[in-house]
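With mmCIF, C-alpha atoms inside, this is final_15.cif:
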```
data_model
#
loop_
_atom_site.label_atom_id
_atom_site.label_comp_id
_atom_site.auth_asym_id
_atom_site.auth_seq_id
_atom_site.Cartn_x
_atom_site.Cartn_y
_atom_site.Cartn_z
CA MET A 1 116.75 99.71 97.65
CA LYS A 2 118.07 103.00 96.23
CA ILE A 3 115.61 105.90 96.25
CA ASN A 4 116.20 109.39 94.84
CA MET A 5 113.88 112.31 95.46
CA VAL A 6 114.04 115.66 93.68
CA LEU A 7 112.60 118.77 95.37
CA PRO A 8 112.32 122.33 93.98
CA GLY A 9 113.81 123.74 97.21
CA LEU A 10 114.24 122.86 100.87
CA ASN A 11 112.72 125.89 102.61
CA HIS A 12 110.35 124.98 105.41
CA SER A 13 106.88 124.26 104.08
CA GLY A 14 104.23 121.63 104.61
CA GLY A 15 105.05 119.89 101.34
CA VAL A 16 108.79 119.71 102.01
CA GLN A 17 108.16 118.52 105.56
CA VAL A 18 105.98 115.66 104.29
CA ALA A 19 108.63 114.71 101.72
CA PHE A 20 111.39 114.72 104.36
CA GLU A 21 109.33 112.60 106.73
CA TYR A 22 108.78 110.02 104.00
CA LEU A 23 112.50 109.94 103.19
CA ASN A 24 113.39 109.39 106.85
CA PHE A 25 110.87 106.56 106.97
CA PHE A 26 112.35 104.95 103.85
CA VAL A 27 115.79 105.06 105.49
CA GLY A 28 114.25 103.33 108.49
CA GLN A 29 113.10 100.54 106.18
CA GLY A 30 116.70 100.01 105.05
CA ALA A 31 116.63 102.12 101.87
CA ASP A 32 119.61 104.10 100.56
CA VAL A 33 118.09 107.58 100.12
CA MET A 34 119.40 110.67 98.34
CA CYS A 35 117.58 114.01 98.13
CA TYR A 36 118.36 116.54 95.38
CA ALA A 37 117.50 120.23 95.07
CA PRO A 38 118.57 122.97 92.64
CA MET A 39 121.39 125.35 93.52
CA LYS A 40 119.33 128.22 92.17
CA SER A 41 116.88 127.75 95.07
CA LEU A 42 119.73 128.88 97.36
CA ILE A 43 120.36 131.93 95.21
CA LYS A 44 116.67 132.82 95.22
CA THR A 45 116.13 132.56 98.99
CA GLY A 46 119.65 133.14 100.30
CA LEU A 47 122.04 130.74 101.98
CA ASN A 48 120.68 129.99 105.45
CA GLU A 49 119.61 127.11 107.67
CA ASP A 50 116.09 127.25 106.25
CA SER A 51 117.11 127.04 102.58
CA LEU A 52 119.66 124.31 103.37
CA GLY A 53 116.95 122.19 105.01
CA LYS A 54 118.65 122.26 108.40
CA TRP A 55 115.33 122.93 110.13
CA PHE A 56 114.59 119.19 109.85
CA SER A 57 116.45 116.28 111.49
CA LYS A 58 117.36 114.18 108.46
CA LYS A 59 118.64 110.62 108.15
CA PHE A 60 119.47 110.98 104.43
CA LYS A 61 121.94 112.91 102.31
CA ILE A 62 121.21 116.09 100.35
CA LYS A 63 122.88 117.35 97.19
CA PHE A 64 122.35 120.72 95.55
CA LEU A 65 122.83 120.56 91.79
CA PRO A 66 123.37 123.21 89.11
CA TYR A 67 121.26 121.15 86.71
CA PHE A 68 119.53 117.77 86.56
CA ASN A 69 120.54 115.12 84.06
CA ASN A 70 121.96 111.60 83.81
CA LEU A 71 125.41 112.79 84.86
CA THR A 72 124.35 114.58 88.05
CA ILE A 73 121.68 112.14 89.32
CA ARG A 74 122.91 108.78 90.60
CA ASP A 75 121.56 105.44 89.39
CA ALA A 76 118.75 104.14 91.59
CA ASP A 77 115.75 101.83 91.79
CA CYS A 78 113.36 104.78 91.64
CA THR A 79 113.49 108.56 91.39
CA ILE A 80 110.64 110.62 92.82
CA ALA A 81 109.61 114.07 91.58
CA THR A 82 107.92 116.38 94.07
CA GLY A 83 106.64 119.74 92.82
CA TRP A 84 105.53 120.39 89.25
CA ILE A 85 108.83 121.76 87.93
CA THR A 86 110.78 118.72 89.14
CA SER A 87 108.54 116.39 87.13
CA TYR A 88 110.08 117.75 83.92
CA TRP A 89 113.58 117.05 85.22
CA VAL A 90 112.80 113.52 86.37
CA ASN A 91 110.78 112.64 83.28
CA LYS A 92 113.86 113.18 81.07
CA LEU A 93 116.14 110.86 83.05
CA SER A 94 117.29 107.51 81.65
CA ALA A 95 116.06 104.11 82.82
CA SER A 96 119.22 103.67 84.93
CA LYS A 97 117.79 106.21 87.40
CA GLY A 98 115.03 103.73 88.18
CA LYS A 99 111.28 103.80 87.93
CA LYS A 100 109.88 107.31 87.73
CA VAL A 101 107.42 108.46 90.39
CA TYR A 102 105.47 111.73 90.51
CA PHE A 103 104.45 112.59 94.09
CA ILE A 104 101.64 115.14 93.64
CA GLN A 105 100.74 117.11 96.76
CA ASP A 106 98.53 119.74 95.14
CA TYR A 107 96.90 120.84 91.90
CA GLU A 108 99.45 123.60 91.45
CA THR A 109 97.48 125.87 89.11
CA TRP A 110 97.82 129.09 91.11
CA PHE A 111 99.70 130.89 88.35
CA SER A 112 98.32 132.27 85.09
CA GLY A 113 98.74 131.89 81.35
CA GLU A 114 101.73 129.96 80.05
CA LYS A 115 102.98 128.93 83.48
CA ASN A 116 99.67 127.28 84.33
CA ARG A 117 99.78 125.47 80.99
CA ARG A 118 103.22 124.11 81.89
CA VAL A 119 101.88 122.97 85.27
CA THR A 120 98.91 121.10 83.83
CA GLN A 121 101.10 119.49 81.16
CA THR A 122 103.07 117.70 83.90
CA TYR A 123 100.01 115.62 84.77
CA HIS A 124 100.18 114.15 81.26
CA LEU A 125 103.87 113.19 81.39
CA LYS A 126 104.69 109.50 81.42
CA PHE A 127 105.54 108.17 84.90
CA ASP A 128 105.62 104.63 86.23
CA LEU A 129 103.62 105.75 89.28
CA LYS A 130 101.73 108.87 90.28
CA VAL A 131 100.81 109.35 93.94
CA THR A 132 98.31 111.89 95.24
CA VAL A 133 97.74 112.83 98.88
CA SER A 134 93.94 112.82 98.96
CA THR A 135 90.88 111.39 97.25
CA ALA A 136 89.76 114.94 96.41
CA LEU A 137 93.07 115.69 94.65
CA HIS A 138 92.90 112.36 92.83
CA ASP A 139 89.38 113.15 91.63
CA THR A 140 90.34 116.68 90.55
CA LEU A 141 93.20 115.37 88.41
CA VAL A 142 90.99 112.69 86.85
CA GLU A 143 88.25 115.20 86.07
CA LYS A 144 90.41 118.04 84.78
CA GLU A 145 93.48 116.28 83.39
CA GLN A 146 92.44 112.63 82.90
CA CYS A 147 95.36 111.81 85.20
CA ASP A 148 95.00 108.70 87.38
CA SER A 149 97.00 108.09 90.54
CA VAL A 150 97.33 106.04 93.71
CA VAL A 151 95.99 107.82 96.79
CA ILE A 152 98.24 107.76 99.86
CA CYS A 153 96.99 110.18 102.48
CA ASN A 154 99.35 112.22 104.60
CA GLY A 155 99.46 111.02 108.18
CA ILE A 156 100.42 112.17 111.67
CA ALA A 157 103.15 110.43 113.65
CA GLU A 158 101.55 108.38 116.40
CA ASP A 159 103.49 110.18 119.13
CA ASN A 160 102.04 113.51 117.93
CA ILE A 161 98.44 112.33 118.35
CA LYS A 162 96.93 113.36 121.68
CA PRO A 163 96.83 110.37 124.03
CA GLY A 164 93.77 109.21 125.92
CA ASP A 165 90.23 110.42 125.41
CA SER A 166 90.60 114.12 126.09
CA GLY A 167 89.36 116.91 123.87
CA PRO A 168 89.39 120.62 124.74
CA GLN A 169 88.35 121.52 128.29
CA PHE A 170 86.50 124.74 129.09
CA LYS A 171 84.95 126.55 131.99
CA GLU A 172 82.04 128.92 131.60
CA GLY A 173 83.30 132.43 131.06
CA SER A 174 86.84 131.33 130.19
CA SER A 175 88.51 132.72 127.11
CA ILE A 176 88.35 130.98 123.74
CA VAL A 177 91.62 130.70 121.84
CA ILE A 178 91.39 130.73 118.04
CA GLY A 179 94.43 129.56 116.09
CA MET A 180 95.15 129.95 112.39
CA PRO A 181 97.96 128.91 110.03
CA TYR A 182 99.53 131.77 108.09
CA ARG A 183 100.75 131.05 104.56
CA ASP A 184 101.78 133.60 101.93
CA ALA A 185 99.83 133.87 98.70
CA LYS A 186 101.08 131.62 95.89
CA GLY A 187 101.50 132.94 92.36
CA SER A 188 98.58 135.07 91.25
CA SER A 189 96.01 133.15 93.30
CA ASP A 190 95.52 133.73 97.04
CA VAL A 191 93.99 130.31 97.76
CA LYS A 192 95.24 130.43 101.35
CA ASN A 193 92.95 133.45 101.97
CA CYS A 194 94.90 134.46 105.09
CA ARG A 195 94.41 138.22 104.96
CA PHE A 196 90.66 137.69 104.85
CA GLY A 197 90.90 135.23 107.74
CA ILE A 198 92.81 137.66 109.94
CA GLN A 199 90.35 140.48 109.23
CA THR A 200 87.41 138.22 110.06
CA ILE A 201 88.78 137.08 113.43
CA ARG A 202 89.75 140.66 114.29
CA ARG A 203 86.09 141.64 113.95
CA LEU A 204 85.10 138.80 116.25
CA MET A 205 87.65 140.00 118.81
CA ASP A 206 86.15 143.49 118.70
CA ASP A 207 82.77 142.01 119.66
CA ASN A 208 84.06 139.46 122.17
CA PRO A 209 86.97 140.39 124.47
CA ASN A 210 87.22 136.76 125.63
CA ILE A 211 88.61 135.67 122.24
CA GLU A 212 92.37 135.25 121.93
CA PHE A 213 93.90 134.96 118.46
CA LYS A 214 97.14 133.14 117.66
CA LEU A 215 98.90 132.54 114.35
CA PHE A 216 101.77 130.33 113.32
CA GLY A 217 103.75 130.12 110.10
CA PHE A 218 107.15 129.76 108.55
CA LYS A 219 107.72 133.51 108.34
CA ASN A 220 106.21 136.29 110.45
CA PRO A 221 104.36 138.75 108.18
CA LYS A 222 104.83 141.47 110.84
CA ILE A 223 101.16 142.03 111.58
CA SER A 224 100.76 145.34 113.38
CA ASP A 225 98.41 144.17 116.12
CA SER A 226 99.62 143.58 119.67
CA ASN A 227 96.54 141.45 120.36
CA ILE A 228 97.62 138.83 117.83
CA SER A 229 100.55 136.55 118.69
CA PHE A 230 102.67 134.80 116.05
CA LEU A 231 104.74 131.62 116.43
CA GLU A 232 107.42 131.72 113.73
CA ASN A 233 108.97 128.64 112.12
CA PRO A 234 108.41 126.43 115.18
CA SER A 235 110.01 123.09 115.91
CA ARG A 236 107.72 120.07 115.97
CA ASP A 237 107.62 120.05 119.77
CA ALA A 238 106.93 123.79 119.95
CA LEU A 239 104.12 123.50 117.40
CA THR A 240 102.54 120.61 119.28
CA ARG A 241 102.58 122.65 122.49
CA TRP A 242 101.05 125.56 120.55
CA TYR A 243 98.20 123.38 119.24
CA ASP A 244 97.50 122.33 122.82
CA THR A 245 96.66 125.97 123.68
CA ILE A 246 94.14 126.26 120.83
CA ASP A 247 90.39 125.65 121.13
CA ILE A 248 89.19 126.50 117.61
CA PHE A 249 91.54 126.15 114.63
CA TYR A 250 90.37 128.23 111.68
CA VAL A 251 91.74 127.39 108.22
CA PRO A 252 90.58 130.10 105.78
CA SER A 253 91.91 128.38 102.63
CA LEU A 254 89.67 128.27 99.59
CA TYR A 255 91.32 125.02 98.53
CA GLU A 256 93.87 122.55 99.93
CA GLY A 257 95.59 119.61 98.29
CA TRP A 258 95.73 118.08 101.77
CA GLY A 259 96.11 120.78 104.41
CA LEU A 260 98.43 119.30 107.02
CA PRO A 261 97.83 122.00 109.69
CA ALA A 262 94.14 121.08 109.92
CA MET A 263 95.07 117.45 110.46
CA GLU A 264 97.73 118.35 113.03
CA ALA A 265 95.21 120.47 114.92
CA MET A 266 92.63 117.69 114.95
CA ALA A 267 95.29 115.31 116.27
CA ARG A 268 95.61 117.56 119.34
CA GLY A 269 91.85 117.89 119.92
CA CYS A 270 91.28 121.31 118.36
CA VAL A 271 87.96 122.02 116.65
CA VAL A 272 88.75 122.79 113.01
CA LEU A 273 86.74 125.30 110.99
CA ALA A 274 87.53 124.85 107.30
CA SER A 275 86.19 124.35 103.79
CA ASP A 276 85.26 120.92 102.50
CA THR A 277 88.58 120.31 100.77
CA GLY A 278 91.81 118.36 101.25
CA CYS A 279 91.96 116.29 104.43
CA ILE A 280 88.64 117.70 105.66
CA LYS A 281 86.92 116.30 102.57
CA GLU A 282 88.78 113.01 103.12
CA PHE A 283 87.59 112.33 106.67
CA GLY A 284 85.73 115.37 108.00
CA ILE A 285 82.16 114.95 109.22
CA ASN A 286 80.41 118.25 109.86
CA LYS A 287 79.56 118.90 113.53
CA ARG A 288 80.99 115.52 114.48
CA ASN A 289 84.77 115.89 114.10
CA CYS A 290 85.02 119.37 112.53
CA ILE A 291 82.93 122.31 111.33
CA LYS A 292 82.67 122.69 107.55
CA LEU A 293 82.14 126.12 106.02
CA ASP A 294 80.41 126.61 102.67
CA ASN A 295 81.70 130.01 101.56
CA MET A 296 85.22 130.88 102.66
CA LYS A 297 84.75 134.49 101.58
CA ASP A 298 81.66 134.95 103.74
CA ALA A 299 82.78 136.60 106.98
CA ALA A 300 79.29 136.31 108.45
CA GLU A 301 79.36 132.52 108.09
CA VAL A 302 82.70 132.28 109.88
CA GLU A 303 81.55 134.59 112.66
CA ALA A 304 78.31 132.65 113.10
CA ALA A 305 80.19 129.34 113.35
CA VAL A 306 82.55 130.67 116.02
CA LYS A 307 79.72 132.19 118.05
CA TYR A 308 77.75 128.94 117.75
CA LEU A 309 80.68 126.95 119.16
CA ILE A 310 81.25 129.42 122.01
CA LYS A 311 77.61 129.06 123.04
CA ASN A 312 77.66 125.26 122.67
CA ARG A 313 80.72 124.22 124.62
CA GLU A 314 79.62 120.63 125.06
CA LEU A 315 79.53 120.33 121.26
CA LEU A 316 82.95 121.98 121.09
CA MET A 317 84.37 119.39 123.49
CA SER A 318 82.72 116.42 121.75
CA ILE A 319 83.99 117.54 118.31
CA GLY A 320 87.52 117.89 119.68
CA LEU A 321 87.38 114.42 121.16
CA GLU A 322 86.02 112.88 117.97
CA ALA A 323 88.71 114.67 115.93
CA VAL A 324 91.46 112.88 117.86
CA LYS A 325 89.73 109.53 117.37
CA THR A 326 89.51 110.17 113.62
CA ILE A 327 93.20 111.01 113.21
CA ARG A 328 94.24 107.81 114.98
CA ASN A 329 93.08 106.03 111.80
CA TYR A 330 95.57 108.06 109.72
CA SER A 331 98.88 107.49 111.42
CA PHE A 332 101.95 108.51 109.46
CA GLU A 333 103.55 105.11 109.98
CA LYS A 334 100.65 103.32 108.29
CA GLU A 335 100.48 105.71 105.31
CA ALA A 336 104.27 105.75 104.86
CA MET A 337 104.36 101.97 104.73
CA LYS A 338 101.79 102.10 101.90
CA PHE A 339 104.08 104.44 99.96
CA TYR A 340 107.12 102.25 100.55
CA ALA A 341 105.19 99.14 99.51
CA GLU A 342 104.29 100.84 96.21
CA LEU A 343 107.98 101.58 95.58
CA VAL A 344 108.98 97.99 96.38
CA LYS A 345 106.29 96.73 94.01
CA LEU A 346 107.60 99.03 91.26
CA LYS A 347 111.12 97.66 91.69
CA GLN A 348 109.90 94.09 91.42
CA ASN A 349 107.91 94.69 88.23
#
```
How would this structure read if it were set down as structure tokens?
Amino acid sequence: MKINMVLPGLNHSGGVQVAFEYLNFFVGQGADVMCYAPMKSLIKTGLNEDSLGKWFSKKFKIKFLPYFNNLTIRDADCTIATGWITSYWVNKLSASKGKKVYFIQDYETWFSGEKNRRVTQTYHLKFDLKVTVSTALHDTLVEKEQCDSVVICNGIAEDNIKPGDSGPQFKEGSSIVIGMPYRDAKGSSDVKNCRFGIQTIRRLMDDNPNIEFKLFGFKNPKISDSNISFLENPSRDALTRWYDTIDIFYVPSLYEGWGLPAMEAMARGCVVLASDTGCIKEFGINKRNCIKLDNMKDAAEVEAAVKYLIKNRELLMSIGLEAVKTIRNYSFEKEAMKFYAELVKLKQN
């Protein structure tokens, strides 16, 4: 089976990582896989290992193209668009490029005016299959764009899920480590809400010297605070080890299409504090396997939740344990096989 995938760029991000992991899985199923990206993405970000996608161990080939048309894209059984701009390119391809698939990882309306109109128009383009990464994203697209899709949740590789029945372990008086993912603002909308999140945890640290604060992200924003550590562009193994040092994982996002870091943290037994969106809406149960926050702009609510967990360490441990059990039901291997099965079914129709 020949599978093409078109990405808007290869710089390290959650969405690109998920796409790469799927492509590796498809290769493992015997598929002939080719990944395409625009040359202009290299001009925009500079020629480096990050922009070339060398941060990921790939089993498939990559081609950077000056433009996308029937001459530059090979014939295949299916061609997958990932990212709103790529849907326009794939939609115009001929039938020889295979069935057309739109892999939607977010409702990408964080721009304004004409650009947002172009984004929302992509959900009305004709595709043979549209795949969304969560029930919440599926429902949003149905409600706002009358766009139906097949839901295939993102998953965690089984060997990255904490083994056994161990959640976080604490001793009275020991420090509490709070972790947070750092993502830059997108477009004109700061849905990741990271600056607010950092300010909120800083206030908690002022009141409680036993709180440690750690961030990770693809690029260090150079925060001028020696009390905050930052893990920059980590490998998978380094990030897993980092999660294992975290007790409470705070995700300040107002909205997530899926929110892979929250899921990764739960897989390692961290207690996630987040809004009821993305993966947390999919499988989160408040005070059982996570803590759900109502108003992500309310610092007092965040502070109260953290203080509540610090005072109730048995609850903290039980939530961490239940989080690991929950993620075992969402292994990457199982979800990836669903995606591949959909592609096989498309080819046969």
Contacts of stretch 97-105 of chain A within 6 Å, all atoms listed in the file, excl. fewer than 5 positions in-chain, as a list in words: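 That gives Asp75, Ala76, Asp77, Cys78, Thr79, Ile80, Ala81, Thr82, Phe127, Asp128, Leu129, Lys130, Val131, Thr132, Val133 and Gly257 of chain A.
If you look at atom CA of A:Ser175 and atom CA of A:Gln199, they are 19.6 Å away from each other.
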Close residues, A:Lys63 itself excluded, 9 Å, only C-alpha atoms, min 2 positions apart in chain, as a ChimeraX atom specification: /A:34-39,61,65
Prev. selection, C-alpha atoms, output as a short mmCIF file (atom, residue, chain, number, x, y, z; two decimals), in the coordinates of the input:
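Result file follows (out.cif):
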```
data_model
loop_
_atom_site.label_atom_id
_atom_site.label_comp_id
_atom_site.auth_asym_id
_atom_site.auth_seq_id
_atom_site.Cartn_x
_atom_site.Cartn_y
_atom_site.Cartn_z
CA MET A 34 119.40 110.67 98.34
CA CYS A 35 117.58 114.01 98.13
CA TYR A 36 118.36 116.54 95.38
CA ALA A 37 117.50 120.23 95.07
CA PRO A 38 118.57 122.97 92.64
CA MET A 39 121.39 125.35 93.52
CA LYS A 61 121.94 112.91 102.31
CA LEU A 65 122.83 120.56 91.79
#
```
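Proximity ranking of A:Val302, A:Leu141, A:Met317, A:Leu215 relative to A:His124 places A:Leu141 first, based on only C-alpha atoms.
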Selection: 10 Å around stretch 7-19 of chain A, all atoms listed in the file, excl. self and same-chain fewer than 5 positions, as JSON, numbers by chain: {"A": [24, 25, 35, 36, 37, 38, 39, 40, 41, 42, 44, 45, 48, 49, 50, 51, 52, 53, 54, 55, 56, 62, 64, 80, 81, 82, 83, 84, 85, 86, 87, 103, 104, 105, 106, 154, 155, 156, 183, 217, 218, 219, 233, 257, 258, 259, 260, 261, 332]}
Counting only C-alpha atoms, the option among A:Tyr330, A:Asp159, A:Arg202, A:Asn91 closest to A:Lys126: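 For A:Lys126, the nearest of the given residues is A:Asn91.
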Ground truth for the PyMOL selection byres ((chain A and resi 262) around 12), written as an MDAnalysis selection string: chainID A and resid 14 154:156 179:181 243 248:253 256:261 263:284 289:292 323:324 327
Atomic distance atom CA of A:Leu254 - atom CA of A:Arg195, expressed in Å with one decimal: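 Between these atoms lies a distance of 12.3 Å.
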May I have the residues within 7 Å of A:Phe339 as a compact mmCIF listing (two decimals) with C-alpha atoms, in the frame of the given file, using all atoms listed in the file and disregarding those fewer than 4 positions away in the same chain?
```
# COMPACT_ATOMS: atom_id res chain seq x y z
CA ILE A 152 98.24 107.76 99.86
CA GLU A 335 100.48 105.71 105.31
CA LEU A 343 107.98 101.58 95.58
```
A:Ile310 environment, 12 Å, only C-alpha atoms, sequence neighbours closer than 6 positions dropped, as number ranges by chain: A: 170-178, 204, 208, 210-211, 247-248, 271, 303-304, 316-317
Pick from A:Asn69, A:Trp110, A:Gln146, A:Asn193 nearest to A:Leu93, counting only C-alpha atoms: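 The shortest atom-to-atom distance to A:Leu93 comes from A:Asn69.
Among the candidate residues A:Ala299, A:Thr240, A:Tyr308, A:Asp32, the one lying nearest to A:Ala157 is A:Thr240, with distances computed using all atoms listed in the file.
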